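Engineer: Take a look at this one; I'll ask things after.
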Amino acid sequence: MDGYRTEFIARYREKDGTPRPLSEHLWGTSALASAFAEKIGLPTFGELMGFLHDFGKYSNEFQSYIKSSAGAIEPDDDDYVESRAMQGKIDHSTAGAQYLLKNGKRDSQFGQIATDMMSLCIASHHSGLIDCIAPEGTDVFSKRMNKPDEKTHCEEVARSLEEQVRNNAHKLLASPQIEEEMRCRLELLRQGVQSLEVGQFMLGFLVRFLFSTLIDADRLNSAEREPPTKQPWQPLIDLLEIHLSGFTAKNRIDEVRADISRSCLEFAARGKGLYQLTVPTGGGKTLASLRFGLHHAAKHQMDRIIYVVPYTSIIDQNARVARSVFTPLEEGGRQVVLEHHSNLTPEQDTNESKLLAENWDAPIIYTTAVQFLETLFAAGTRGVRRLHQLANAVIIFDEIQTMPIRTVHLFNNAINFLVSQCGSTAVFCTATQPLLDRVEQNKGAARLSNNAQMMSDVGGLFRGLHRVNIENRCKDEGWTEDEVAETALEELEASGSVLIIVNKKAQARELYRRIRGRTEHVYHLSTSMCPAHRTAVLDRVKTCLDPMNPSPVICISTQLIEAGVDVDFGTVIRYLAGLDSITQAAGRCNRNGFREAGRVLIVNAANEGLERLPEIRLAQDVTKRLLREFQENSAAFDHDLQSPKAMERFYHYYFFQRAHEMAFPVSGRDVKEMARNDELLNLLSINSGSVEIYKNENNTPPPLFLRQSFMSAAKAFKAIDSPADGVIVPYAEGKQLIVELLCAGYEEKGRLLKEAQRYSVNLFPHEMMRLKEKRRLNEVWEGSGVYYLDERHYSENFGASTDEVAEIKALII
């Protein structure tokens, strides 16, 4: 629409200070939100939310504030206000929601549910979704919608609207499409739902999806950016097929990998759904699944392929492979492969910091399970803006077995929503397939498609790729570090290369100190090293492992190396863990079949001290049980501890013992308003405890269709038990990046933060506090919440540490 008036201002451009008319922002946001919400059949919802979301900016209070802050009103003018004192204190979110409730269709159930959903999203668009019923029983939604007019200025806003804005708003509010879209969506939502709890979760997740469309539309329009044009899939397919045609089968392993790749290509013709790619470690599933993804996306005209992986080390490796294939397409400046695996986004809630967050608008995205889960469930507005990008997408979960147990039901329900409601395809990839489809149905089990296995003969595939023997070397008294070190050196003589995988960083450091200097090539890997550092170490390890020119090498690593990292050792020593971890570790042994058989030795550490790692301790107990059963009757496991039968039994025992954790238990420690134990699944669905408190206090049920504690649940959600913050470290080019960030202008910050992801390390809160006390952490710019580490605390051997490098060197010597 042309002819926008500048009497009402949405904001002033940061780059040149020129005003953005409010009506222009409303129309622009409305168009984007409509396009995003159309992915789920609710375009009118998006159009209306986008148009009403900033109605509160029509108030004189907001206009005085925004113009005063930009200097458009002089201090001696009557309308001038002290903008700094008012920053963040003017409510411009509620008026649009109140306007919608007052003028929207609420004379039918569909109309009422639709109106409540949209009002909730509009009112929440600066805070994150608010609670409907809070954990202590308060009706937060009604309280917000009844907020006094002197604070929301809704009546003043209604009088101030430009005629064209008012007319468009009422045209949308009167549209019969609102009720029709709601009716159709609710009918689809009910299909396949096993319980009221799951049904209400799906309804709540629909709200979060709609919220995502509004947030991303608002942020993009505020930044005056349009979504990039879609990259056609055929050029990517052509480049990948050329790359694959360059492979020649050198042995039986290569032939099996080629068969797996062909099976994935054939399976790509299937309809959209939820599938499993169960392939032994070393089966080439990275490129095979990419082949499936590209052909499947092309066939069904899908928007993007998203890889979700457990560790940044896998992102480094897989993204590097993909980028090498698609380099010709990226030479023109187009980003085909996007990596997103760091929390290097500023804390300060400004337009500038919001624009630095990724919104996953690229053809192929590699991200971590933590980032993915935070997009689905975490608090605030940064992560959720990406949620709508998961619609009409191929989502490939590499090493699905690493998904945290307590998120199982939340994750299953969300994936079912994305597949059944958003037209996406999901693939669970691993050699160790967890039983996500066999957990409690009433709380949410993965709804696999018919004939979901992408490989026709999984058992035969595992037999065909059998190339290691697993030996149980556990003993009653456990193994000391010295004993492990001596065994590693003996195995080095026998096989030429040894990988030791431990459960704790301290174990890796201790072994490195004992072995370093006793053979030429000894390397250490842990998540204390930034991705670029780990990549450099892995490259040196791979040089030693070159079959054409091998050098004796020992690598000591935490579990980051055991899933998805392409290395091939003669012997692997694995500290006792879950059978899934041991099987993944075995995938790093004789990976390419150059030896008749590799050896995997299971050892149990003496005095391991796993009090703070109960998951590993429980997994160890289950593995011990399986080792005993295997010794008594190996035929029940197809005579192979890596067989699908062995893995199925492991997960049967492991899941059964942890079923009580799968709905994400929380307590008052997690949700301060809650004086009871509960589950996030409940808070995000029927919210029975909170509703019961409301009924007891008001003698009537809440007058709402939506009763979820959205904000309280989101604040309590943690993808991992000990959430960490990304810190930029002075490793290699990281030093120069820190210097550039310290003096960067607005336009450069986003690019530099993306580059800095490869030079960042996640530190736990107690580590951050200790380093801040020593004044060894500094912000890259004031108030950003993005820190860089003093070089005295980054070691070439061990990475980031709260101890100084000089102290670490003394310990090694």
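Residue numbering restarts at 1 for every chain of the structure tokens, chains are lettered A, B, ... in their displayed order, and ligands are numbered from 1 as they appear.
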Which residues are near A:Gln200? Cut-off 12 Å, only C-alpha atoms, ignore same chain within fewer than 5 positions. Put them as a PDB file with N, CA, C and O atoms, in the first residue's frame.
Structural biologist:
ATOM      1  N   LEU A 186      -8.575 -27.692  13.693  1.00  0.00           N
ATOM      2  CA  LEU A 186      -8.902 -28.493  14.874  1.00  0.00           C
ATOM      3  C   LEU A 186      -9.290 -29.917  14.491  1.00  0.00           C
ATOM      4  O   LEU A 186      -8.965 -30.872  15.211  1.00  0.00           O
ATOM      5  N   LEU A 189      -6.117 -31.624  13.863  1.00  0.00           N
ATOM      6  CA  LEU A 189      -5.351 -31.738  15.102  1.00  0.00           C
ATOM      7  C   LEU A 189      -5.798 -32.946  15.917  1.00  0.00           C
ATOM      8  O   LEU A 189      -4.994 -33.585  16.596  1.00  0.00           O
ATOM      9  N   ARG A 190      -7.078 -33.265  15.856  1.00  0.00           N
ATOM     10  CA  ARG A 190      -7.617 -34.364  16.667  1.00  0.00           C
ATOM     11  C   ARG A 190      -7.240 -35.737  16.124  1.00  0.00           C
ATOM     12  O   ARG A 190      -7.312 -36.738  16.839  1.00  0.00           O
ATOM     13  N   VAL A 193      -4.822 -38.529  17.892  1.00  0.00           N
ATOM     14  CA  VAL A 193      -4.529 -38.147  19.277  1.00  0.00           C
ATOM     15  C   VAL A 193      -5.055 -39.217  20.222  1.00  0.00           C
ATOM     16  O   VAL A 193      -6.211 -39.637  20.131  1.00  0.00           O
ATOM     17  N   GLN A 194      -4.199 -39.661  21.152  1.00  0.00           N
ATOM     18  CA  GLN A 194      -4.530 -40.788  22.021  1.00  0.00           C
ATOM     19  C   GLN A 194      -5.179 -40.383  23.342  1.00  0.00           C
ATOM     20  O   GLN A 194      -5.769 -41.214  24.012  1.00  0.00           O
ATOM     21  N   SER A 195      -5.035 -39.129  23.748  1.00  0.00           N
ATOM     22  CA  SER A 195      -5.522 -38.735  25.072  1.00  0.00           C
ATOM     23  C   SER A 195      -5.805 -37.244  25.097  1.00  0.00           C
ATOM     24  O   SER A 195      -5.359 -36.480  24.234  1.00  0.00           O
ATOM     25  N   PHE A 205       0.719 -26.232  21.281  1.00  0.00           N
ATOM     26  CA  PHE A 205       1.832 -26.128  20.351  1.00  0.00           C
ATOM     27  C   PHE A 205       1.424 -25.370  19.089  1.00  0.00           C
ATOM     28  O   PHE A 205       2.241 -24.679  18.476  1.00  0.00           O
ATOM     29  N   LEU A 206       0.162 -25.485  18.720  1.00  0.00           N
ATOM     30  CA  LEU A 206      -0.358 -24.695  17.608  1.00  0.00           C
ATOM     31  C   LEU A 206      -0.240 -23.203  17.928  1.00  0.00           C
ATOM     32  O   LEU A 206       0.121 -22.396  17.061  1.00  0.00           O
ATOM     33  N   VAL A 207      -0.528 -22.844  19.174  1.00  0.00           N
ATOM     34  CA  VAL A 207      -0.380 -21.445  19.586  1.00  0.00           C
ATOM     35  C   VAL A 207       1.072 -21.008  19.449  1.00  0.00           C
ATOM     36  O   VAL A 207       1.370 -19.925  18.942  1.00  0.00           O
ATOM     37  N   ASN A 413       5.692 -35.501  20.908  1.00  0.00           N
ATOM     38  CA  ASN A 413       4.484 -34.759  20.552  1.00  0.00           C
ATOM     39  C   ASN A 413       4.789 -33.638  19.561  1.00  0.00           C
ATOM     40  O   ASN A 413       4.011 -33.391  18.631  1.00  0.00           O
ATOM     41  N   PHE A 417       3.447 -33.311  15.747  1.00  0.00           N
ATOM     42  CA  PHE A 417       2.795 -32.077  15.275  1.00  0.00           C
ATOM     43  C   PHE A 417       3.417 -31.614  13.958  1.00  0.00           C
ATOM     44  O   PHE A 417       2.702 -31.296  12.995  1.00  0.00           O
ATOM     45  N   ASN A 442      -0.389 -42.461  25.871  1.00  0.00           N
ATOM     46  CA  ASN A 442      -1.237 -41.387  26.392  1.00  0.00           C
ATOM     47  C   ASN A 442      -0.461 -40.127  26.728  1.00  0.00           C
ATOM     48  O   ASN A 442      -1.048 -39.069  26.927  1.00  0.00           O
ATOM     49  N   LYS A 443       0.866 -40.247  26.822  1.00  0.00           N
ATOM     50  CA  LYS A 443       1.680 -39.066  27.069  1.00  0.00           C
ATOM     51  C   LYS A 443       2.425 -38.615  25.820  1.00  0.00           C
ATOM     52  O   LYS A 443       2.978 -37.526  25.786  1.00  0.00           O
ATOM     53  N   GLY A 444       2.433 -39.468  24.817  1.00  0.00           N
ATOM     54  CA  GLY A 444       3.067 -39.072  23.564  1.00  0.00           C
ATOM     55  C   GLY A 444       4.152 -40.016  23.114  1.00  0.00           C
ATOM     56  O   GLY A 444       5.252 -40.004  23.649  1.00  0.00           O
ATOM     57  N   LEU A 681       5.072 -31.523  30.637  1.00  0.00           N
ATOM     58  CA  LEU A 681       4.042 -32.008  29.723  1.00  0.00           C
ATOM     59  C   LEU A 681       2.658 -31.616  30.225  1.00  0.00           C
ATOM     60  O   LEU A 681       1.799 -31.189  29.448  1.00  0.00           O
ATOM     61  N   ASN A 682       2.435 -31.730  31.521  1.00  0.00           N
ATOM     62  CA  ASN A 682       1.149 -31.356  32.103  1.00  0.00           C
ATOM     63  C   ASN A 682       0.940 -29.846  32.030  1.00  0.00           C
ATOM     64  O   ASN A 682      -0.138 -29.366  31.659  1.00  0.00           O
ATOM     65  N   LEU A 683       1.967 -29.065  32.376  1.00  0.00           N
ATOM     66  CA  LEU A 683       1.846 -27.603  32.342  1.00  0.00           C
ATOM     67  C   LEU A 683       1.541 -27.100  30.940  1.00  0.00           C
ATOM     68  O   LEU A 683       0.873 -26.078  30.773  1.00  0.00           O
ATOM     69  N   LEU A 684       2.012 -27.824  29.933  1.00  0.00           N
ATOM     70  CA  LEU A 684       1.806 -27.412  28.540  1.00  0.00           C
ATOM     71  C   LEU A 684       0.600 -28.088  27.898  1.00  0.00           C
ATOM     72  O   LEU A 684       0.397 -27.963  26.688  1.00  0.00           O
ATOM     73  N   SER A 685      -0.188 -28.788  28.693  1.00  0.00           N
ATOM     74  CA  SER A 685      -1.379 -29.454  28.123  1.00  0.00           C
ATOM     75  C   SER A 685      -2.603 -29.150  28.993  1.00  0.00           C
ATOM     76  O   SER A 685      -3.137 -28.048  28.950  1.00  0.00           O
ATOM     77  N   ILE A 686      -3.023 -30.116  29.829  1.00  0.00           N
ATOM     78  CA  ILE A 686      -4.250 -29.897  30.609  1.00  0.00           C
ATOM     79  C   ILE A 686      -3.997 -29.066  31.857  1.00  0.00           C
ATOM     80  O   ILE A 686      -4.927 -28.497  32.423  1.00  0.00           O
ATOM     81  N   ASN A 687      -2.752 -28.993  32.318  1.00  0.00           N
ATOM     82  CA  ASN A 687      -2.378 -28.160  33.465  1.00  0.00           C
ATOM     83  C   ASN A 687      -3.281 -28.434  34.668  1.00  0.00           C
ATOM     84  O   ASN A 687      -3.789 -27.508  35.320  1.00  0.00           O
ATOM     85  N   SER A 688      -3.455 -29.715  34.978  1.00  0.00           N
ATOM     86  CA  SER A 688      -4.468 -30.133  35.959  1.00  0.00           C
ATOM     87  C   SER A 688      -4.260 -29.533  37.339  1.00  0.00           C
ATOM     88  O   SER A 688      -5.229 -29.089  37.980  1.00  0.00           O
ATOM     89  N   PHE A 705     -10.467 -21.834  27.041  1.00  0.00           N
ATOM     90  CA  PHE A 705     -10.133 -23.057  26.322  1.00  0.00           C
ATOM     91  C   PHE A 705      -8.655 -23.380  26.506  1.00  0.00           C
ATOM     92  O   PHE A 705      -8.257 -24.540  26.601  1.00  0.00           O
ATOM     93  N   LEU A 706      -7.844 -22.346  26.535  1.00  0.00           N
ATOM     94  CA  LEU A 706      -6.398 -22.511  26.711  1.00  0.00           C
ATOM     95  C   LEU A 706      -6.069 -22.307  28.185  1.00  0.00           C
ATOM     96  O   LEU A 706      -6.312 -21.233  28.738  1.00  0.00           O
ATOM     97  N   ARG A 707      -5.474 -23.337  28.788  1.00  0.00           N
ATOM     98  CA  ARG A 707      -5.207 -23.271  30.228  1.00  0.00           C
ATOM     99  C   ARG A 707      -3.732 -23.502  30.554  1.00  0.00           C
ATOM    100  O   ARG A 707      -3.372 -23.663  31.713  1.00  0.00           O
ATOM    101  N   GLN A 708      -2.878 -23.508  29.542  1.00  0.00           N
ATOM    102  CA  GLN A 708      -1.476 -23.860  29.733  1.00  0.00           C
ATOM    103  C   GLN A 708      -0.705 -22.778  30.500  1.00  0.00           C
ATOM    104  O   GLN A 708      -1.017 -21.591  30.403  1.00  0.00           O
ATOM    105  N   SER A 709       0.315 -23.225  31.228  1.00  0.00           N
ATOM    106  CA  SER A 709       1.275 -22.308  31.857  1.00  0.00           C
ATOM    107  C   SER A 709       2.460 -22.148  30.907  1.00  0.00           C
ATOM    108  O   SER A 709       3.553 -22.654  31.156  1.00  0.00           O
TER     109      SER A 709
END
Engineer: What's around A:Lys39 at 10 Å? Count only C-alpha atoms, leave out sequence neighbours fewer than 3 positions away in its own chain, and write the answer as a count of residues only.
Structural biologist: 14
Engineer: With distances taken over only C-alpha atoms, which residue among A:Gly570, A:His533, A:Arg183, A:Pro644 lies nearest A:Val279?
Structural biologist: A:Pro644
Engineer: My list of candidates is A:Gln317, A:Thr527, A:Thr368, A:Gln301. Which is closest to A:Val565 when distances are computed with only C-alpha atoms?
Structural biologist: A:Gln317
Engineer: Fewer than 2 positions away in the same chain doesn't count, so skip those; otherwise give me all residues within 7 Å of stretch 758-760 of chain A, counting only C-alpha atoms, as a list in words.
Structural biologist: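 Answer for this query is Cys530, Pro531, Ala532, Gly726, Val727, Ile728, Val729, Tyr731, Gly734, Glu755, Ala756 and Asn762 of chain A.
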Engineer: Hey, what does DSSP flag as strand (DSSP E) within stretch 109-355 of chain A? Can you give it to me as a PyMOL selection string?
Structural biologist: chain A and resi 274-278+304-309+337-340
Engineer: One decimal, in Å: what's the spacing between atom CA of A:Asp476 and atom CA of A:Asn604?
Structural biologist: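 According to the coordinates, atom CA of A:Asp476 and atom CA of A:Asn604 are separated by 8.6 Å.
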Engineer: Can you pull out every residue within 6 Å of stretch 269-277 of chain A, counting only C-alpha atoms, but drop anything in the same chain fewer than 4 positions away, and send it as a VMD selection string?
Structural biologist: chain A and resid 425 to 429 448 to 449 452 to 454
Engineer: Would you output that residue set with C-alpha atoms, as a CSV table (one decimal), in the first residue's frame?
Structural biologist:
chain,number,residue,atom,x,y,z
A,425,THR,CA,9.2,-35.2,7.1
A,426,ALA,CA,11.3,-36.4,10.0
A,427,VAL,CA,14.0,-39.1,10.0
A,428,PHE,CA,15.4,-40.7,13.1
A,429,CYS,CA,19.0,-41.7,12.1
A,448,LEU,CA,6.0,-43.7,12.8
A,449,SER,CA,4.7,-44.0,9.3
A,452,ALA,CA,9.0,-46.7,8.5
A,453,GLN,CA,12.3,-48.4,8.1
A,454,MET,CA,14.3,-47.0,5.2
Engineer: Name all residues at most 10 Å from A:Phe630 (count only C-alpha atoms; drop same-chain ones fewer than 5 positions away) and give them as a list in words.
Structural biologist: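 Within the cut-off, the hits are Lys624, Arg625, Ala635, Ala636, Phe637, Asp638, His639, Asp640, Leu641 and Ala646 of chain A.
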Engineer: Out of A:Asp546, A:Glu440, A:Glu673, A:Asp139, which residue has the shortest atom-to-atom distance to A:Phe594 when counting only C-alpha atoms?
Structural biologist: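 Selected residue with least distance to A:Phe594: A:Asp546.
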Engineer: A:Val384: which residues within 8 Å, counting only C-alpha atoms, same-chain residues fewer than 6 positions away excluded, as a list in words?
Structural biologist: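 Contacts, in chain order: Arg208, Phe211, Ser212, Ile215, Glu374, Thr375, Leu376, Phe377 and Ala378 of chain A.
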Engineer: Create the file for the chosen residues now, containing N, CA, C and O atoms and written as a short mmCIF file (atom, residue, chain, number, x, y, z; two decimals), in the first residue's frame.
Structural biologist:
data_model
loop_
_atom_site.label_atom_id
_atom_site.label_comp_id
_atom_site.auth_asym_id
_atom_site.auth_seq_id
_atom_site.Cartn_x
_atom_site.Cartn_y
_atom_site.Cartn_z
N ARG A 208 1.99 -21.85 19.90
CA ARG A 208 3.42 -21.50 19.81
C ARG A 208 3.84 -21.34 18.35
O ARG A 208 4.64 -20.46 18.03
N PHE A 211 2.61 -18.06 17.21
CA PHE A 211 3.44 -17.04 17.85
C PHE A 211 4.74 -16.87 17.08
O PHE A 211 5.22 -15.75 16.87
N SER A 212 5.31 -17.97 16.63
CA SER A 212 6.54 -17.94 15.83
C SER A 212 6.36 -17.12 14.56
O SER A 212 7.22 -16.33 14.17
N ILE A 215 6.33 -13.40 15.52
CA ILE A 215 7.62 -12.89 15.98
C ILE A 215 8.58 -12.70 14.80
O ILE A 215 9.22 -11.65 14.66
N GLU A 374 15.34 -25.91 22.18
CA GLU A 374 15.04 -24.57 22.66
C GLU A 374 14.08 -23.85 21.71
O GLU A 374 13.23 -23.08 22.13
N THR A 375 14.22 -24.12 20.42
CA THR A 375 13.25 -23.57 19.46
C THR A 375 11.85 -24.08 19.76
O THR A 375 10.87 -23.34 19.67
N LEU A 376 11.75 -25.34 20.15
CA LEU A 376 10.45 -25.93 20.42
C LEU A 376 9.85 -25.48 21.74
O LEU A 376 8.63 -25.31 21.85
N PHE A 377 10.70 -25.27 22.78
CA PHE A 377 10.14 -25.16 24.13
C PHE A 377 10.68 -24.03 25.00
O PHE A 377 10.10 -23.77 26.05
N ALA A 378 11.76 -23.37 24.63
CA ALA A 378 12.40 -22.45 25.57
C ALA A 378 11.66 -21.10 25.65
O ALA A 378 10.82 -20.77 24.81
#
Engineer: Considering only C-alpha atoms, can you say which of A:Asp216, A:Asp568, A:Glu150, A:Glu629 comes closest to A:Gly46?
Structural biologist: A:Asp216
Engineer: Record the distance separating atom CA of A:Arg13 and atom CA of A:Asp79, expressed in Å with one decimal.
Structural biologist: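 Atom-to-atom, atom CA of A:Arg13 to atom CA of A:Asp79, that is 21.4 Å.
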